[in-house]
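Presented below is the structure to which this report refers.
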Amino acid sequence: MKPLEIEVFICRSDNYGVLVHDPETSLTACIDAPEAAPILAAATRRGWDITHILTTHHHTDHVEGNLALKEQFGCVIIGPVNEAVAIPGLDRAVGDGDSFEFGGHTVNVIETPGHTAGHVCYHFEDDKLLFSADTLFALGCGRLFERPATDMWHSLQKLAVLPDETAIYFGHEYTLSNARFAVTIDPDNERLKSRAADIEVLRAEGKFTIPTTLALEKETNPFLRAADPSIRRNLLMESRSNEEVFAEIRKRKDNF
Ligand SMILES: [Fe+2]
């Protein structure tokens, strides 16, 4: 089976547009539709017709292009069952544990409430690809708009058990700010400090930080590391629960 091809580009100001193309069947999935024009331009550049939109959550900057792209391509829109009424043009609602086929590739749906109540991530299991949108970012996680920190912590745990080599495509280029924050939470983490230095250079050159890998996030992303003794010591929260430590880290980032 030929590997999937992935095209990444910026939409709006800091949203990532992502196209996933199966060369064997010519199917092309657009992961969210932040803005129709740059998505259309990317599809045209690659010569791909968009056959699917995989929507992760209902925020405008993830669904605004749905109807225009559907009109242009007649694509099938798949999205979260718990936000179905808020997803423009939705054809098929999916929830936790559902799977569907994209060409010969199995896609598993992982519900990750926190940023929104019904947010889903799409896991292409055999391809070791995760589209995490606004649940898990490089060195960050989504803001808690619709569910409490405890729910987000448990959502992140569902992602953390995927294979270490999983490539993660996330929804926004927030990595520089995330890196500058992460070193305040986990100042003794050498791997993080070196990654943060690399990110300063990448972003100064205008380069993307997508994708990341789960292994790298588990080593350096403070939002996955609430159980880490050094972070707990730094926050003076050694005897608190993981959920409480996570909530504190999230609160500090909100005010960073
Ligand atoms: Fe969002």
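Chain lettering (A, B, ...) mirrors the order of the structure tokens, residue numbering begins at 1 for each chain separately, and ligand numbering begins at 1 in order of display.
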
Which residues of chain A sit at most 10 Å from ligand 1, using only C-alpha atoms and all ligand atoms? Give each one's shortest atom pair and distance in Å (one decimal place), in chain and ascending residue order, as JSON lines.
{"residue": "A:Asn15", "atom": "CA", "partner": "ligand 1", "partner_atom_place_in_ligand_line": "1 (Fe)", "distance": 9.7}
{"residue": "A:Thr56", "atom": "CA", "partner": "ligand 1", "partner_atom_place_in_ligand_line": "1 (Fe)", "distance": 8.8}
{"residue": "A:His57", "atom": "CA", "partner": "ligand 1", "partner_atom_place_in_ligand_line": "1 (Fe)", "distance": 6.8}
{"residue": "A:His58", "atom": "CA", "partner": "ligand 1", "partner_atom_place_in_ligand_line": "1 (Fe)", "distance": 7.4}
{"residue": "A:His59", "atom": "CA", "partner": "ligand 1", "partner_atom_place_in_ligand_line": "1 (Fe)", "distance": 5.0}
{"residue": "A:Thr60", "atom": "CA", "partner": "ligand 1", "partner_atom_place_in_ligand_line": "1 (Fe)", "distance": 7.8}
{"residue": "A:Asp61", "atom": "CA", "partner": "ligand 1", "partner_atom_place_in_ligand_line": "1 (Fe)", "distance": 6.9}
{"residue": "A:His62", "atom": "CA", "partner": "ligand 1", "partner_atom_place_in_ligand_line": "1 (Fe)", "distance": 6.9}
{"residue": "A:Val63", "atom": "CA", "partner": "ligand 1", "partner_atom_place_in_ligand_line": "1 (Fe)", "distance": 9.8}
{"residue": "A:His115", "atom": "CA", "partner": "ligand 1", "partner_atom_place_in_ligand_line": "1 (Fe)", "distance": 6.6}
{"residue": "A:Thr116", "atom": "CA", "partner": "ligand 1", "partner_atom_place_in_ligand_line": "1 (Fe)", "distance": 7.3}
{"residue": "A:His119", "atom": "CA", "partner": "ligand 1", "partner_atom_place_in_ligand_line": "1 (Fe)", "distance": 8.8}
{"residue": "A:Ala133", "atom": "CA", "partner": "ligand 1", "partner_atom_place_in_ligand_line": "1 (Fe)", "distance": 7.7}
{"residue": "A:Asp134", "atom": "CA", "partner": "ligand 1", "partner_atom_place_in_ligand_line": "1 (Fe)", "distance": 5.4}
{"residue": "A:Thr135", "atom": "CA", "partner": "ligand 1", "partner_atom_place_in_ligand_line": "1 (Fe)", "distance": 8.4}
{"residue": "A:Gly142", "atom": "CA", "partner": "ligand 1", "partner_atom_place_in_ligand_line": "1 (Fe)", "distance": 7.3}
{"residue": "A:Arg143", "atom": "CA", "partner": "ligand 1", "partner_atom_place_in_ligand_line": "1 (Fe)", "distance": 8.1}
{"residue": "A:Leu144", "atom": "CA", "partner": "ligand 1", "partner_atom_place_in_ligand_line": "1 (Fe)", "distance": 9.6}
{"residue": "A:Phe145", "atom": "CA", "partner": "ligand 1", "partner_atom_place_in_ligand_line": "1 (Fe)", "distance": 8.7}
{"residue": "A:Gly171", "atom": "CA", "partner": "ligand 1", "partner_atom_place_in_ligand_line": "1 (Fe)", "distance": 8.1}
{"residue": "A:His172", "atom": "CA", "partner": "ligand 1", "partner_atom_place_in_ligand_line": "1 (Fe)", "distance": 9.1}

Could you give me, as an MDAnalysis selection string, the residues within 10 Å of segment 207-214 of chain A, counting only C-alpha atoms and dropping anything in the same chain fewer than 2 positions from it? chainID A and resid 8:10 16 128:131 136:139 159:176 198:199 201:205 216:221 224

DSSP on the backbone, then: every residue of segment 6-255 of chain A marked helix (DSSP H, G or I), written as a ChimeraX atom specification. /A:36-46,60-63,66-73,81-86,149-160,175-185,190-204,214-220,222-224,229-234,242-254

Restricting the calculation to only C-alpha atoms, which member of A:Thr112, A:Ser26, A:Thr106, A:Asn189 is positioned closest to Trp153 of chain A? A:Thr112

Near Ile78 of chain A, counting only C-alpha atoms, which residues have an atom at most 8 Å away, once you skip same-chain residues fewer than 6 positions from it, shown as a ChimeraX atom specification? /A:52-55,90-94

Which residue gives the smallest distance to Val20 of chain A among A:Asn255, A:Pro80, A:Phe102, A:Pro38, with only C-alpha atoms counted?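 Of all the options, A:Phe102 lies closest to Val20 of chain A.
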
Using Å and a single decimal, report how far atom CA of Ile31 of chain A sits from atom CA of Gly17 of chain A.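 Separation between atom CA of Gly17 of chain A and atom CA of Ile31 of chain A: 6.9 Å.
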
Here is a test: counting only C-alpha atoms, which residue of A:Pro23, A:Gly74, A:Gly104, A:Gly65 is nearest to Pro88 of chain A?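 With only C-alpha atoms as the atom set, the closest residue is A:Gly65.
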
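Our summary of the geometry notes that atom CA of Ser13 of chain A is positioned 22.3 Å from atom CA of Ile50 of chain A.
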
Expressed in Å, the length from atom CA of Glu111 of chain A to atom CA of His123 of chain A is 10.7 Å

Just want the 12 Å neighbourhood of segment 180-185 of chain A, counted on only C-alpha atoms, with same-chain residues fewer than 2 positions away dropped. Output as a ChimeraX atom specification. /A:138-141,174-178,187-200,217,219-226,228-237,245-246,248-256

Requested write-out: N, CA and C atoms of the selected residues, as a short mmCIF file (atom, residue, chain, number, x, y, z; two decimals), in the first residue's frame:
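Written out: selection_36.cif:
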data_model
loop_
_atom_site.label_atom_id
_atom_site.label_comp_id
_atom_site.auth_asym_id
_atom_site.auth_seq_id
_atom_site.Cartn_x
_atom_site.Cartn_y
_atom_site.Cartn_z
N ALA A 138 1.74 21.10 19.57
CA ALA A 138 3.16 20.97 19.89
C ALA A 138 3.41 21.80 21.15
N LEU A 139 3.82 21.14 22.22
CA LEU A 139 4.12 21.76 23.52
C LEU A 139 2.92 22.45 24.18
N GLY A 140 1.71 22.16 23.71
CA GLY A 140 0.55 22.80 24.33
C GLY A 140 -0.69 21.94 24.26
N CYS A 141 -1.79 22.52 24.74
CA CYS A 141 -3.10 21.89 24.56
C CYS A 141 -4.12 23.00 24.40
N TYR A 174 1.01 27.56 17.35
CA TYR A 174 1.19 28.30 18.60
C TYR A 174 2.49 27.89 19.27
N THR A 175 3.37 27.21 18.54
CA THR A 175 4.46 26.47 19.18
C THR A 175 5.47 27.38 19.89
N LEU A 176 5.73 28.56 19.33
CA LEU A 176 6.73 29.44 19.95
C LEU A 176 6.26 29.90 21.33
N SER A 177 5.03 30.36 21.40
CA SER A 177 4.48 30.79 22.69
C SER A 177 4.40 29.59 23.65
N ASN A 178 4.00 28.45 23.13
CA ASN A 178 3.94 27.24 23.97
C ASN A 178 5.31 26.88 24.52
N PRO A 187 11.59 23.68 34.03
CA PRO A 187 12.86 24.36 33.73
C PRO A 187 14.07 23.44 33.74
N ASP A 188 13.95 22.26 34.33
CA ASP A 188 15.12 21.38 34.41
C ASP A 188 15.14 20.33 33.29
N ASN A 189 14.20 20.43 32.37
CA ASN A 189 14.07 19.42 31.31
C ASN A 189 14.99 19.79 30.13
N GLU A 190 16.11 19.08 30.04
CA GLU A 190 17.12 19.43 29.02
C GLU A 190 16.58 19.25 27.61
N ARG A 191 15.82 18.18 27.42
CA ARG A 191 15.24 17.91 26.10
C ARG A 191 14.31 19.06 25.69
N LEU A 192 13.54 19.54 26.66
CA LEU A 192 12.63 20.67 26.39
C LEU A 192 13.43 21.93 26.05
N LYS A 193 14.48 22.19 26.83
CA LYS A 193 15.24 23.43 26.60
C LYS A 193 15.85 23.41 25.20
N SER A 194 16.35 22.26 24.80
CA SER A 194 16.95 22.19 23.47
C SER A 194 15.88 22.29 22.38
N ARG A 195 14.71 21.70 22.63
CA ARG A 195 13.62 21.83 21.66
C ARG A 195 13.15 23.28 21.55
N ALA A 196 13.04 23.94 22.70
CA ALA A 196 12.59 25.34 22.70
C ALA A 196 13.56 26.22 21.92
N ALA A 197 14.86 25.93 22.06
CA ALA A 197 15.87 26.71 21.30
C ALA A 197 15.70 26.46 19.80
N ASP A 198 15.46 25.21 19.43
CA ASP A 198 15.25 24.88 18.00
C ASP A 198 14.03 25.61 17.45
N ILE A 199 12.99 25.69 18.28
CA ILE A 199 11.73 26.32 17.83
C ILE A 199 11.92 27.82 17.62
N GLU A 200 12.72 28.44 18.49
CA GLU A 200 13.02 29.88 18.29
C GLU A 200 13.61 30.10 16.89
N GLU A 217 6.34 14.79 22.38
CA GLU A 217 5.40 15.49 23.28
C GLU A 217 5.45 14.91 24.68
N GLU A 219 7.90 13.66 26.16
CA GLU A 219 9.14 14.08 26.81
C GLU A 219 9.16 15.56 27.16
N THR A 220 8.39 16.37 26.44
CA THR A 220 8.60 17.83 26.55
C THR A 220 7.33 18.66 26.77
N ASN A 221 6.16 18.13 26.51
CA ASN A 221 4.92 18.93 26.60
C ASN A 221 4.40 18.89 28.04
N PRO A 222 4.43 20.01 28.76
CA PRO A 222 4.03 19.98 30.17
C PRO A 222 2.59 19.51 30.39
N PHE A 223 1.75 19.70 29.40
CA PHE A 223 0.34 19.31 29.55
C PHE A 223 0.16 17.79 29.54
N LEU A 224 1.18 17.06 29.10
CA LEU A 224 1.14 15.59 29.17
C LEU A 224 1.95 15.09 30.36
N ARG A 225 2.55 16.01 31.13
CA ARG A 225 3.56 15.61 32.10
C ARG A 225 3.20 16.02 33.54
N ALA A 226 1.91 16.08 33.81
CA ALA A 226 1.49 16.51 35.16
C ALA A 226 1.94 15.52 36.24
N ASP A 228 4.93 14.22 36.32
CA ASP A 228 6.39 14.27 36.39
C ASP A 228 6.86 14.88 37.73
N PRO A 229 7.74 14.19 38.46
CA PRO A 229 8.16 14.67 39.79
C PRO A 229 8.81 16.05 39.76
N SER A 230 9.60 16.31 38.73
CA SER A 230 10.32 17.58 38.67
C SER A 230 9.35 18.76 38.46
N ILE A 231 8.35 18.55 37.59
CA ILE A 231 7.33 19.59 37.38
C ILE A 231 6.55 19.83 38.66
N ARG A 232 6.17 18.75 39.32
CA ARG A 232 5.40 18.87 40.56
C ARG A 232 6.19 19.62 41.63
N ARG A 233 7.48 19.33 41.70
CA ARG A 233 8.34 20.02 42.66
C ARG A 233 8.39 21.50 42.34
N ASN A 234 8.57 21.79 41.07
CA ASN A 234 8.67 23.19 40.62
C ASN A 234 7.40 23.97 40.94
N LEU A 235 6.25 23.30 40.86
CA LEU A 235 4.96 23.97 41.12
C LEU A 235 4.56 23.90 42.59
N LEU A 236 5.39 23.25 43.42
CA LEU A 236 5.06 23.03 44.84
C LEU A 236 3.73 22.28 44.97
N MET A 237 3.56 21.25 44.12
CA MET A 237 2.31 20.49 44.10
C MET A 237 2.59 18.99 44.18
N VAL A 245 -2.68 19.21 39.08
CA VAL A 245 -1.44 19.76 38.51
C VAL A 245 -1.71 20.24 37.09
N PHE A 246 -2.41 19.41 36.31
CA PHE A 246 -2.76 19.80 34.94
C PHE A 246 -3.56 21.11 34.94
N GLU A 248 -3.59 23.48 37.08
CA GLU A 248 -2.72 24.60 37.43
C GLU A 248 -1.88 25.03 36.22
N ILE A 249 -1.35 24.06 35.49
CA ILE A 249 -0.54 24.38 34.31
C ILE A 249 -1.41 25.11 33.28
N ARG A 250 -2.62 24.61 33.08
CA ARG A 250 -3.53 25.23 32.10
C ARG A 250 -3.86 26.67 32.52
N LYS A 251 -4.10 26.86 33.83
CA LYS A 251 -4.43 28.19 34.33
C LYS A 251 -3.27 29.16 34.13
N ARG A 252 -2.06 28.68 34.39
CA ARG A 252 -0.88 29.53 34.20
C ARG A 252 -0.70 29.90 32.74
N LYS A 253 -0.98 28.96 31.84
CA LYS A 253 -0.84 29.28 30.41
C LYS A 253 -1.88 30.31 29.99
N ASP A 254 -3.08 30.21 30.54
CA ASP A 254 -4.12 31.20 30.21
C ASP A 254 -3.68 32.62 30.56
N ASN A 255 -2.83 32.72 31.59
CA ASN A 255 -2.37 34.03 32.06
C ASN A 255 -0.95 34.37 31.62
N PHE A 256 -0.38 33.55 30.76
CA PHE A 256 1.03 33.72 30.37
C PHE A 256 1.18 34.89 29.41
#

Tell me which of A:Val81, A:Val76, A:Ala227, A:Ala29 sits closest to Asn242 of chain A, counting only C-alpha atoms.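 The closest residue to Asn242 of chain A is A:Ala227.
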
Neighbouring residues of Val107 of chain A were defined as those with any atom within 10 Å, considering only C-alpha atoms; residues of the same chain fewer than 2 positions away were excluded. Please report them as a ChimeraX atom specification. /A:98-105,109-110,121-127,129-130
